[in-house]
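S.K.: Coordinates in data25.cif, mmCIF, C-alpha atoms, are listed below.
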data_final
#
loop_
_atom_site.label_atom_id
_atom_site.label_comp_id
_atom_site.auth_asym_id
_atom_site.auth_seq_id
_atom_site.Cartn_x
_atom_site.Cartn_y
_atom_site.Cartn_z
CA MET A 20 108.19 -26.64 31.45
CA ASN A 21 108.22 -28.14 34.95
CA GLU A 22 111.08 -28.75 37.36
CA TYR A 23 111.42 -32.39 36.32
CA THR A 24 111.76 -31.41 32.66
CA ILE A 25 114.63 -29.07 33.45
CA GLN A 26 116.28 -31.86 35.43
CA SER A 27 115.69 -34.29 32.58
CA LEU A 28 117.38 -31.93 30.12
CA ASN A 29 120.37 -31.81 32.45
CA ILE A 30 120.31 -35.60 32.62
CA MET A 31 120.18 -35.69 28.81
CA TRP A 32 123.35 -33.76 28.14
CA GLN A 33 125.23 -35.11 31.14
CA GLY A 34 124.12 -38.65 30.33
CA MET A 35 125.12 -38.48 26.66
CA PHE A 36 128.41 -36.88 27.68
CA GLY A 37 129.00 -39.68 30.20
CA ILE A 38 128.19 -42.45 27.73
CA PHE A 39 130.47 -40.97 25.08
CA THR A 40 133.23 -40.54 27.68
CA VAL A 41 133.06 -44.23 28.65
CA ILE A 42 132.76 -45.42 25.04
CA ILE A 43 135.59 -43.21 23.75
CA LEU A 44 137.86 -44.38 26.58
CA ILE A 45 137.05 -47.98 25.72
CA MET A 46 137.68 -47.25 22.04
CA LEU A 47 141.07 -45.71 22.74
CA VAL A 48 142.10 -48.62 24.93
CA VAL A 49 140.97 -51.11 22.28
CA ILE A 50 142.96 -49.29 19.58
CA ILE A 51 146.10 -49.18 21.75
CA LEU A 52 145.65 -52.78 22.84
CA THR A 53 145.15 -54.00 19.28
CA ARG A 54 148.27 -52.19 18.07
CA MET A 55 150.37 -53.48 20.95
CA THR A 56 149.28 -57.10 20.67
CA ASN A 57 149.51 -57.15 16.87
CA LYS A 58 153.12 -55.93 16.96
CA LYS A 59 154.24 -58.98 18.93
CA MET B 1 74.57 -77.57 51.94
CA ASP B 2 76.45 -74.37 51.14
CA PHE B 3 78.40 -74.47 47.90
CA SER B 4 78.97 -70.73 47.71
CA PHE B 5 82.72 -71.29 48.23
CA LEU B 6 82.81 -72.61 44.65
CA LEU B 7 81.66 -69.23 43.44
CA ASP B 8 84.08 -67.09 45.49
CA GLY B 9 86.47 -66.77 42.54
CA ILE B 10 84.07 -66.01 39.74
CA THR B 11 82.04 -63.54 41.76
CA SER B 12 85.21 -61.61 42.65
CA VAL B 13 86.35 -60.98 39.06
CA THR B 14 86.73 -57.31 38.22
CA TRP B 15 86.59 -55.78 34.73
CA GLN B 16 90.22 -54.79 35.10
CA GLN B 17 91.12 -58.45 35.59
CA LEU B 18 89.15 -59.35 32.47
CA VAL B 19 91.25 -56.79 30.59
CA MET B 20 94.39 -58.45 31.94
CA TYR B 21 93.21 -61.87 30.71
CA ALA B 22 92.86 -60.32 27.25
CA ILE B 23 96.35 -58.76 27.53
CA GLY B 24 97.78 -62.07 28.75
CA GLY B 25 96.11 -63.82 25.81
CA LEU B 26 97.47 -61.21 23.41
CA LEU B 27 101.03 -61.67 24.71
CA ILE B 28 100.71 -65.46 24.36
CA TYR B 29 99.35 -64.98 20.83
CA LEU B 30 102.19 -62.64 19.86
CA ALA B 31 104.73 -65.07 21.34
CA ILE B 32 103.39 -68.22 19.68
CA VAL B 33 101.88 -67.03 16.40
CA LYS B 34 104.06 -64.02 15.60
CA GLU B 35 107.14 -65.33 17.44
CA TYR B 36 107.74 -61.92 19.06
CA GLU B 37 110.31 -62.56 21.86
CA PRO B 38 108.47 -65.80 22.73
CA SER B 39 110.78 -66.76 25.58
CA LEU B 40 109.73 -63.65 27.52
CA LEU B 41 106.30 -62.71 26.22
CA MET B 42 104.82 -66.19 26.64
CA PRO B 43 105.74 -66.52 30.37
CA MET B 44 104.69 -62.91 30.92
CA GLY B 45 101.34 -63.50 29.23
CA PHE B 46 100.63 -66.65 31.19
CA GLY B 47 101.88 -65.03 34.39
CA ALA B 48 99.54 -62.07 33.78
CA ILE B 49 96.64 -64.51 33.84
CA LEU B 50 97.96 -66.32 36.93
CA VAL B 51 98.33 -63.20 39.09
CA ASN B 52 94.98 -61.78 38.02
CA LEU B 53 92.81 -64.74 38.84
CA PRO B 54 90.63 -63.66 41.79
CA LEU B 55 92.17 -64.63 45.16
CA SER B 56 95.10 -66.07 43.19
CA GLY B 57 97.31 -68.42 45.17
CA ALA B 58 100.24 -67.27 43.01
CA ILE B 59 100.43 -64.04 45.01
CA ASN B 60 100.21 -63.47 48.76
CA GLN B 61 96.68 -63.63 50.17
CA THR B 62 95.10 -63.22 53.57
CA MET B 63 92.63 -66.06 54.09
CA GLU B 64 89.92 -65.97 56.67
CA GLY B 65 90.74 -68.27 59.57
CA ILE B 66 94.22 -69.10 58.22
CA GLY B 67 95.98 -65.76 57.91
CA ASN B 68 98.70 -64.90 55.44
CA VAL B 69 99.44 -67.37 52.67
CA ASN B 70 102.50 -66.81 50.50
CA GLY B 71 102.27 -66.93 46.71
CA ILE B 72 105.09 -68.25 44.53
CA ILE B 73 105.13 -65.46 41.93
CA GLN B 74 105.17 -62.76 44.59
CA TRP B 75 107.98 -64.61 46.40
CA LEU B 76 109.97 -64.89 43.18
CA PHE B 77 109.50 -61.18 42.52
CA GLU B 78 110.36 -60.07 46.04
CA THR B 79 113.40 -62.33 46.24
CA GLY B 80 114.70 -62.41 42.70
CA ILE B 81 114.00 -58.86 41.59
CA GLU B 82 112.90 -56.53 44.39
CA ALA B 83 115.40 -57.60 47.05
CA SER B 84 118.48 -58.22 44.94
CA GLU B 85 117.79 -57.66 41.23
CA ALA B 86 119.41 -61.09 40.97
CA LEU B 87 117.43 -62.41 38.01
CA PRO B 88 118.18 -59.64 35.48
CA ILE B 89 121.78 -59.33 36.68
CA LEU B 90 122.51 -63.05 36.46
CA LEU B 91 121.03 -63.08 32.97
CA PHE B 92 123.85 -60.75 31.95
CA ILE B 93 126.38 -63.54 32.56
CA GLY B 94 124.61 -65.57 29.90
CA ILE B 95 124.32 -62.62 27.52
CA GLY B 96 128.01 -61.79 27.97
CA ALA B 97 128.94 -65.40 27.23
CA MET B 98 126.92 -65.26 24.02
CA ILE B 99 128.50 -62.08 22.62
CA ASP B 100 131.42 -62.22 20.22
CA PHE B 101 133.06 -58.80 20.43
CA GLY B 102 135.36 -59.72 17.53
CA PRO B 103 133.63 -57.56 14.85
CA LEU B 104 133.80 -54.61 17.25
CA LEU B 105 137.41 -55.13 18.31
CA SER B 106 138.50 -55.33 14.67
CA ASN B 107 136.71 -52.06 13.88
CA PRO B 108 136.66 -49.99 17.13
CA LYS B 109 135.14 -46.92 15.44
CA MET B 110 131.83 -48.76 15.57
CA LEU B 111 131.86 -48.31 19.34
CA LEU B 112 130.76 -44.70 18.88
CA PHE B 113 127.40 -45.75 17.47
CA GLY B 114 126.67 -47.73 20.60
CA ALA B 115 126.82 -44.42 22.46
CA ALA B 116 124.93 -42.27 19.95
CA ALA B 117 122.02 -44.68 19.65
CA GLN B 118 121.19 -44.27 23.35
CA PHE B 119 119.82 -40.80 22.62
CA GLY B 120 116.22 -42.05 22.57
CA ILE B 121 116.48 -42.93 26.26
CA PHE B 122 117.12 -39.33 27.24
CA PHE B 123 114.64 -37.91 24.75
CA ALA B 124 111.91 -40.17 26.13
CA ILE B 125 112.79 -39.16 29.72
CA THR B 126 112.24 -35.52 28.79
CA VAL B 127 108.94 -36.23 27.02
CA ALA B 128 107.81 -38.31 30.01
CA THR B 129 108.44 -35.41 32.39
CA LEU B 130 106.48 -33.13 30.05
CA LEU B 131 103.58 -35.58 30.30
CA GLY B 132 103.63 -35.30 34.09
CA PHE B 133 105.71 -38.28 35.23
CA ASP B 134 108.12 -37.57 38.08
CA LEU B 135 111.85 -37.96 37.46
CA ARG B 136 112.02 -41.45 38.96
CA ASP B 137 109.27 -42.82 36.73
CA ALA B 138 110.38 -40.80 33.69
CA ALA B 139 113.90 -42.25 33.92
CA SER B 140 112.47 -45.75 34.31
CA ILE B 141 110.29 -45.25 31.24
CA GLY B 142 113.13 -43.73 29.21
CA ILE B 143 115.32 -46.76 29.80
CA ILE B 144 112.92 -48.75 27.59
CA GLY B 145 115.02 -47.11 24.87
CA ALA B 146 118.01 -49.17 26.00
CA ALA B 147 116.33 -51.88 23.90
CA ASP B 148 117.52 -54.24 26.57
CA GLY B 149 114.89 -55.97 28.72
CA PRO B 150 117.03 -56.88 31.75
CA THR B 151 118.48 -53.34 31.93
CA SER B 152 114.99 -51.84 31.78
CA ILE B 153 113.77 -54.12 34.56
CA LEU B 154 116.84 -53.48 36.71
CA VAL B 155 116.85 -49.69 36.41
CA SER B 156 113.11 -49.32 36.96
CA GLN B 157 113.31 -51.62 39.97
CA ILE B 158 116.25 -49.78 41.56
CA LEU B 159 114.51 -46.45 40.98
CA GLY B 160 111.40 -47.87 42.64
CA SER B 161 109.07 -47.20 39.70
CA LYS B 162 105.53 -48.45 40.10
CA TYR B 163 105.30 -49.07 36.34
CA ILE B 164 107.82 -51.90 36.11
CA GLY B 165 105.26 -54.27 34.55
CA ALA B 166 104.31 -51.88 31.75
CA ILE B 167 107.98 -51.00 31.23
CA ALA B 168 108.96 -54.66 30.84
CA VAL B 169 106.10 -55.34 28.44
CA ALA B 170 107.00 -52.26 26.37
CA ALA B 171 110.72 -53.10 26.34
CA TYR B 172 110.25 -56.66 25.14
CA SER B 173 107.42 -55.85 22.74
CA TYR B 174 109.35 -53.12 20.95
CA MET B 175 112.50 -55.25 20.83
CA ALA B 176 110.42 -57.75 18.91
CA LEU B 177 109.12 -54.96 16.68
CA VAL B 178 112.58 -53.63 15.71
CA PRO B 179 112.13 -54.90 12.09
CA ILE B 180 109.09 -52.64 11.80
CA ILE B 181 110.17 -49.61 13.88
CA GLN B 182 113.72 -49.17 12.61
CA PRO B 183 113.10 -49.04 8.84
CA PHE B 184 110.45 -46.39 9.48
CA ALA B 185 112.78 -44.30 11.69
CA ILE B 186 115.78 -44.70 9.37
CA LYS B 187 113.83 -43.65 6.28
CA LEU B 188 112.58 -40.58 8.13
CA VAL B 189 116.10 -39.14 8.32
CA THR B 190 118.03 -40.62 5.38
CA THR B 191 117.94 -40.27 1.62
CA LYS B 192 118.17 -43.20 -0.81
CA LYS B 193 121.62 -41.97 -1.79
CA GLU B 194 122.80 -42.08 1.83
CA ARG B 195 121.37 -45.56 2.29
CA MET B 196 123.38 -46.71 -0.72
CA ILE B 197 126.77 -45.63 0.67
CA ARG B 198 129.17 -48.53 0.41
CA MET B 199 131.61 -49.38 3.16
CA PRO B 200 134.60 -51.60 2.45
CA TYR B 201 135.23 -54.16 5.17
CA ASN B 202 138.89 -54.60 6.07
CA PRO B 203 138.88 -56.05 9.56
CA GLY B 204 142.07 -55.92 11.58
CA SER B 205 143.14 -59.12 13.29
CA VAL B 206 142.21 -59.49 16.93
CA SER B 207 144.59 -61.34 19.22
CA LYS B 208 143.42 -63.68 21.96
CA LEU B 209 145.08 -61.40 24.52
CA THR B 210 142.95 -58.45 23.32
CA ARG B 211 139.82 -60.55 23.59
CA ILE B 212 140.72 -61.52 27.17
CA LEU B 213 141.78 -58.05 28.29
CA PHE B 214 138.77 -56.34 26.70
CA PRO B 215 136.13 -57.40 29.28
CA ILE B 216 138.48 -56.61 32.17
CA ILE B 217 139.35 -53.15 30.86
CA VAL B 218 135.73 -52.29 30.04
CA THR B 219 134.77 -53.22 33.60
CA PHE B 220 137.45 -50.91 35.02
CA ILE B 221 136.54 -47.98 32.77
CA ALA B 222 132.78 -48.30 33.33
CA GLY B 223 133.37 -48.87 37.04
CA PHE B 224 135.50 -45.76 37.49
CA VAL B 225 133.34 -43.44 35.38
CA ALA B 226 129.87 -44.82 36.15
CA PRO B 227 130.08 -46.93 39.32
CA MET B 228 126.39 -47.82 39.32
CA SER B 229 126.87 -49.60 36.02
CA VAL B 230 129.24 -52.12 37.58
CA SER B 231 126.61 -54.72 38.36
CA LEU B 232 125.37 -54.56 34.77
CA VAL B 233 128.64 -54.12 32.89
CA GLY B 234 130.57 -56.30 35.32
CA PHE B 235 128.30 -59.32 34.95
CA LEU B 236 128.10 -58.84 31.18
CA MET B 237 131.87 -58.75 30.99
CA PHE B 238 132.25 -61.62 33.45
CA GLY B 239 130.19 -63.75 31.06
CA ASN B 240 132.33 -62.59 28.16
CA LEU B 241 135.56 -63.36 30.01
CA ILE B 242 134.30 -66.89 30.68
CA ARG B 243 133.73 -67.21 26.93
CA GLU B 244 137.03 -65.77 25.80
CA CYS B 245 139.45 -67.14 28.40
CA GLY B 246 139.54 -70.47 26.62
CA VAL B 247 139.76 -72.64 29.74
CA LEU B 248 136.13 -72.57 30.85
CA GLY B 249 134.37 -74.10 27.86
CA THR B 250 131.87 -76.01 29.97
CA LEU B 251 130.99 -72.96 32.07
CA SER B 252 130.67 -70.88 28.93
CA ASP B 253 128.25 -73.41 27.46
CA THR B 254 126.30 -73.51 30.71
CA ALA B 255 126.08 -69.71 30.87
CA GLN B 256 125.00 -69.43 27.24
CA ASN B 257 122.38 -72.14 27.41
CA ILE B 258 121.28 -73.53 30.76
CA LEU B 259 121.74 -70.39 32.88
CA SER B 260 120.21 -68.07 30.28
CA ASN B 261 117.27 -70.35 29.62
CA LEU B 262 116.56 -70.96 33.28
CA ILE B 263 116.61 -67.28 34.19
CA THR B 264 114.64 -66.25 31.11
CA LEU B 265 112.04 -68.85 32.04
CA LEU B 266 111.71 -67.43 35.55
CA LEU B 267 112.13 -63.76 34.64
CA GLY B 268 109.06 -63.59 32.43
CA ILE B 269 106.70 -65.20 34.89
CA THR B 270 108.24 -63.27 37.80
CA ILE B 271 107.76 -59.91 36.11
CA ALA B 272 104.11 -60.83 35.69
CA PHE B 273 103.71 -59.99 39.39
CA SER B 274 103.85 -56.34 38.39
CA MET B 275 101.06 -56.89 35.89
CA ARG B 276 98.33 -57.06 38.49
CA ALA B 277 95.16 -55.41 37.19
CA GLU B 278 95.01 -52.67 39.82
CA GLU B 279 98.47 -51.44 38.79
CA PHE B 280 98.49 -52.26 35.10
CA VAL B 281 95.07 -51.22 33.82
CA THR B 282 95.58 -47.48 33.89
CA TYR B 283 95.99 -44.88 31.18
CA HIS B 284 99.62 -44.60 32.30
CA THR B 285 100.28 -47.98 30.71
CA LEU B 286 99.17 -46.62 27.34
CA LEU B 287 101.37 -43.55 27.84
CA ILE B 288 104.32 -45.78 28.69
CA MET B 289 103.77 -47.87 25.53
CA GLY B 290 103.75 -44.63 23.51
CA LEU B 291 106.86 -43.30 25.23
CA GLY B 292 108.66 -46.60 24.68
CA LEU B 293 107.97 -46.28 20.95
CA ILE B 294 109.32 -42.70 21.00
CA ALA B 295 112.45 -43.95 22.76
CA PHE B 296 113.07 -46.65 20.13
CA VAL B 297 112.45 -44.28 17.22
CA PHE B 298 114.77 -41.60 18.63
CA ASP B 299 117.47 -44.17 19.40
CA SER B 300 117.56 -44.99 15.71
CA ILE B 301 117.41 -41.33 14.70
CA GLY B 302 120.18 -40.44 17.18
CA GLY B 303 122.46 -43.12 15.75
CA VAL B 304 121.74 -42.15 12.14
CA MET B 305 122.25 -38.42 12.78
CA PHE B 306 125.56 -39.12 14.53
CA ALA B 307 126.74 -41.14 11.52
CA LYS B 308 125.77 -38.24 9.26
CA LEU B 309 127.69 -35.87 11.54
CA LEU B 310 130.77 -38.12 11.32
CA ASN B 311 130.49 -38.08 7.53
CA LEU B 312 130.98 -34.32 7.56
CA PHE B 313 134.48 -34.78 8.97
CA THR B 314 135.72 -38.10 7.60
CA LYS B 315 136.99 -39.17 4.21
CA ASN B 316 135.67 -42.74 4.38
CA LYS B 317 131.92 -42.21 4.55
CA VAL B 318 129.81 -44.29 6.86
CA ASN B 319 126.44 -45.57 5.70
CA PRO B 320 124.21 -43.69 8.18
CA MET B 321 122.02 -46.75 8.68
CA ILE B 322 124.93 -48.26 10.62
CA GLY B 323 124.20 -45.67 13.32
CA ALA B 324 120.74 -47.12 13.88
CA ALA B 325 122.31 -50.52 14.55
CA GLY B 326 123.90 -49.06 17.69
CA ILE B 327 120.94 -50.17 19.80
CA SER B 328 121.13 -53.21 22.00
CA ALA B 329 118.63 -55.44 20.15
CA PHE B 330 121.15 -57.98 18.88
CA PRO B 331 121.37 -59.28 16.18
CA MET B 332 118.00 -58.09 14.96
CA SER B 333 119.01 -54.49 14.42
CA ALA B 334 122.11 -55.40 12.39
CA ARG B 335 120.02 -57.71 10.23
CA VAL B 336 117.41 -54.99 9.64
CA VAL B 337 120.12 -52.57 8.50
CA GLN B 338 121.70 -55.17 6.23
CA LYS B 339 118.30 -55.99 4.71
CA MET B 340 117.59 -52.31 4.06
CA SER B 341 121.01 -51.86 2.50
CA LEU B 342 120.54 -54.83 0.16
CA LYS B 343 117.11 -53.51 -0.80
CA GLU B 344 118.65 -50.25 -1.98
CA ASP B 345 121.68 -51.89 -3.59
CA PRO B 346 121.87 -55.70 -3.83
CA GLU B 347 125.68 -55.51 -3.89
CA ASN B 348 126.05 -53.43 -0.74
CA HIS B 349 126.99 -55.68 2.19
CA ILE B 350 127.32 -53.77 5.44
CA LEU B 351 126.39 -56.57 7.84
CA MET B 352 129.77 -56.80 9.60
CA HIS B 353 129.86 -53.06 10.26
CA ALA B 354 126.29 -53.23 11.52
CA ILE B 355 127.14 -56.15 13.81
CA GLY B 356 130.05 -54.15 15.27
CA ALA B 357 127.71 -51.24 16.02
CA ASN B 358 125.05 -53.59 17.33
CA VAL B 359 127.45 -55.30 19.75
CA SER B 360 128.61 -51.87 20.87
CA GLY B 361 124.97 -51.06 21.59
CA GLN B 362 124.99 -53.83 24.16
CA ILE B 363 127.79 -52.09 26.02
CA GLY B 364 126.22 -48.66 25.46
CA SER B 365 122.85 -49.72 26.87
CA VAL B 366 124.23 -51.08 30.14
CA VAL B 367 126.52 -48.06 30.54
CA ALA B 368 123.48 -45.83 29.90
CA GLY B 369 121.57 -47.73 32.59
CA GLY B 370 124.33 -47.16 35.12
CA ILE B 371 124.77 -43.51 34.21
CA ILE B 372 121.04 -42.86 34.54
CA LEU B 373 121.06 -44.40 38.01
CA ASN B 374 124.00 -42.18 38.97
CA LEU B 375 122.44 -39.02 37.56
CA VAL B 376 118.89 -39.54 38.81
CA ALA B 377 120.22 -40.24 42.31
CA ARG B 378 121.91 -36.84 42.25
CA PHE B 379 118.68 -35.05 41.34
CA LEU B 380 116.38 -36.84 43.78
#
Hey, can you dump this file as structure tokens for me?
M.R.:
Amino acid sequence: MNEYTIQSLNIMWQGMFGIFTVIILIMLVVIILTRMTNKK
Amino acid sequence: MDFSFLLDGITSVTWQQLVMYAIGGLLIYLAIVKEYEPSLLMPMGFGAILVNLPLSGAINQTMEGIGNVNGIIQWLFETGIEASEALPILLFIGIGAMIDFGPLLSNPKMLLFGAAAQFGIFFAITVATLLGFDLRDAASIGIIGAADGPTSILVSQILGSKYIGAIAVAAYSYMALVPIIQPFAIKLVTTKKERMIRMPYNPGSVSKLTRILFPIIVTFIAGFVAPMSVSLVGFLMFGNLIRECGVLGTLSDTAQNILSNLITLLLGITIAFSMRAEEFVTYHTLLIMGLGLIAFVFDSIGGVMFAKLLNLFTKNKVNPMIGAAGISAFPMSARVVQKMSLKEDPENHILMHAIGANVSGQIGSVVAGGIILNLVARFL
């Protein structure tokens, strides 16, 4: 396993974590937004 | 009389250029006969022939007695892609204007699959490093798994990969092959019983205000968490805001049709600059095609496995095939999943769920592109 592979494994978990963070934040905002606008 | 100047071209042909004529011909064949992404593969195929003609005037040449002569395809590449990444970025306005996020906004849980189905990108990056590619090239190759041509071109260009031509060809070819790749990958990791899971569709209503605020909020979130994704996400969401705001109908139409068509037309032939024989005819191109396939397969597997994981903790089971629809190839992936579902059970309609996941994949892929740029920059 070379140096780049170790870096790529780091990129893998950090990247997936980052994508899920962004997507979950968007999901939460969408849920809140939908509830707020539907109440009116 | 000396007519040798008429033979300058034909006597300069190399075997690598002959290979590129065959590849160009193959791309044109696939585009016209098989209708595989014809709007991109046809210009790329013809462009591959143009840039590989000996002493081609389509790329810069140094002519004896005259000096440097500029070529149009090289100029388009240097200006529209290398200097500014303008062509792929502007295309996102058109794509954003085409997307209806309604099915996703009415069922926000589907957003998660757009994240999970990006797994193939990172898996392919790791395999690429194991095969000897450096991090810059490995990341550029992995992004083929975004199943999103403009994102692949943009990321590989920003990272300065020398394989941008092969990456673009792989990205667009595999997007066209989604109906073949995805059923294979899905069946690898699902049982018939899982593929028959029914999902009731009870969409919530989506207000106009939500539709308008959505692109703005997504831009803020992506911008704060993954700043490098702003050019991608921002232009995608700008296009979507034009669509949803309700007061820019003409601009929305222009973005969806004229702008998209014009840029697509130029993008294919411009990318052909990176398909010059000396760069393209190497065994690396074959490796990249193989890695692109791995990325697509593991995207689908990642999405399916995530759906199966969710099923362990939720009461309302998700058909795991929905997870595979979380890639960016829209609407092809959703249609593939729906077709597979109907094949297992003619009464099982999961199209709207699949479309929600598929639309989410379009957000997930551009976010992935931005995050990869951020992360790779930290490691270089």
S.K.: Looking at B:Pro320, B:Asn358, B:Val19, B:Glu78, which one is nearest to Ala307 of chain B, with distances taken over only C-alpha atoms?
M.R.: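 With only C-alpha atoms as the atom set, the closest residue is B:Pro320.
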S.K.: Give me, please, the distance in Å between atom CA of Phe280 of chain B and atom CA of Met20 of chain B, quoted to one decimal.
M.R.: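 Atom CA of Met20 of chain B lies at a distance of 8.1 Å from atom CA of Phe280 of chain B.
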S.K.: Report the residues retrieved by the PyMOL selection byres ((chain A and resi 22) around 12) from the displayed file, expressed as a PDB file with C-alpha atoms, in the frame of the given file.
M.R.:
ATOM      1  CA  MET A  20     108.190 -26.640  31.450  1.00  0.00           C
ATOM      2  CA  ASN A  21     108.220 -28.140  34.950  1.00  0.00           C
ATOM      3  CA  TYR A  23     111.420 -32.390  36.320  1.00  0.00           C
ATOM      4  CA  THR A  24     111.760 -31.410  32.660  1.00  0.00           C
ATOM      5  CA  ILE A  25     114.630 -29.070  33.450  1.00  0.00           C
ATOM      6  CA  GLN A  26     116.280 -31.860  35.430  1.00  0.00           C
ATOM      7  CA  SER A  27     115.690 -34.290  32.580  1.00  0.00           C
ATOM      8  CA  LEU A  28     117.380 -31.930  30.120  1.00  0.00           C
ATOM      9  CA  ASN A  29     120.370 -31.810  32.450  1.00  0.00           C
TER      10      ASN A  29
ATOM     11  CA  THR B 126     112.240 -35.520  28.790  1.00  0.00           C
ATOM     12  CA  THR B 129     108.440 -35.410  32.390  1.00  0.00           C
ATOM     13  CA  LEU B 130     106.480 -33.130  30.050  1.00  0.00           C
ATOM     14  CA  GLY B 132     103.630 -35.300  34.090  1.00  0.00           C
ATOM     15  CA  PHE B 133     105.710 -38.280  35.230  1.00  0.00           C
ATOM     16  CA  ASP B 134     108.120 -37.570  38.080  1.00  0.00           C
ATOM     17  CA  LEU B 135     111.850 -37.960  37.460  1.00  0.00           C
ATOM     18  CA  PHE B 379     118.680 -35.050  41.340  1.00  0.00           C
ATOM     19  CA  LEU B 380     116.380 -36.840  43.780  1.00  0.00           C
TER      20      LEU B 380
END
S.K.: For the provided coordinates, the residues matched by the PyMOL selection byres ((chain B and resi 205-207) around 8) should be stated as a PyMOL selection string.
M.R.: (chain A and resi 53+56-57) or (chain B and resi 102+105-106+203-204+208-211)
S.K.: Take the residues that were just selected and, keeping C-alpha atoms, output them as an mmCIF file, keeping the file's coordinate frame.
M.R.:
data_model
loop_
_atom_site.group_PDB
_atom_site.id
_atom_site.type_symbol
_atom_site.label_atom_id
_atom_site.label_comp_id
_atom_site.auth_asym_id
_atom_site.auth_seq_id
_atom_site.Cartn_x
_atom_site.Cartn_y
_atom_site.Cartn_z
ATOM 1 C CA THR A 53 145.150 -54.000 19.280
ATOM 2 C CA THR A 56 149.280 -57.100 20.670
ATOM 3 C CA ASN A 57 149.510 -57.150 16.870
ATOM 4 C CA GLY B 102 135.360 -59.720 17.530
ATOM 5 C CA LEU B 105 137.410 -55.130 18.310
ATOM 6 C CA SER B 106 138.500 -55.330 14.670
ATOM 7 C CA PRO B 203 138.880 -56.050 9.560
ATOM 8 C CA GLY B 204 142.070 -55.920 11.580
ATOM 9 C CA LYS B 208 143.420 -63.680 21.960
ATOM 10 C CA LEU B 209 145.080 -61.400 24.520
ATOM 11 C CA THR B 210 142.950 -58.450 23.320
ATOM 12 C CA ARG B 211 139.820 -60.550 23.590
#
S.K.: Quick one: of B:Thr79, B:Met196, B:Ser161, B:Val169, who's nearest to Leu30 of chain B, counting only C-alpha atoms?
M.R.: B:Val169
S.K.: Using all atoms listed in the file, determine which residues lie at most 9 Å from Tyr201 of chain B, disregarding the query and same-chain residues fewer than 4 positions distant; provide the list as a PyMOL selection string.
M.R.: chain B and resi 349-350+352-353
S.K.: For segment 23-38 of chain A, take all atoms listed in the file, fit an axis-aligned box around them, add 8 Å to each of the six sides, then output centre and edge lengths in Å rounded to one decimal, as lines of an AutoDock Vina configuration file.
M.R.:
center_x = 120.2
center_y = -35.8
center_z = 31.5
size_x = 33.6
size_y = 29.4
size_z = 25.7
S.K.: Name every residue that the PyMOL selection byres ((chain B and resi 74) around 9) selects in this structure, writing the answer as a list in words with chains first and numbers rising.
M.R.: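 Those residues are Val51, Ala58, Ile59, Asn60, Asn70, Gly71, Ile72, Ile73, Trp75, Leu76, Phe77, Glu78, Thr79, Thr270 and Phe273 of chain B.
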S.K.: Using all atoms listed in the file, which of B:Leu248, B:Gly364, B:Met275, B:Leu90 sits nearest Phe39 of chain A?
M.R.: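 Of B:Leu248, B:Gly364, B:Met275, B:Leu90, the one nearest Phe39 of chain A is B:Gly364, counting all atoms listed in the file.
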S.K.: For Val155 of chain B, work out the shell of residues within 7 Å, counting only C-alpha atoms and skipping chain neighbours fewer than 6 positions away, then give it as a PDB file with C-alpha atoms, in the coordinates of the input.
M.R.:
ATOM      1  CA  SER B 140     112.470 -45.750  34.310  1.00  0.00           C
ATOM      2  CA  GLY B 369     121.570 -47.730  32.590  1.00  0.00           C
ATOM      3  CA  LEU B 373     121.060 -44.400  38.010  1.00  0.00           C
TER       4      LEU B 373
END
S.K.: So how far away is atom CA of Val41 of chain A from atom CA of Arg54 of chain A, in Å?
M.R.: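 About the pair atom CA of Arg54 of chain A and atom CA of Val41 of chain A: they are 20.2 Å apart.
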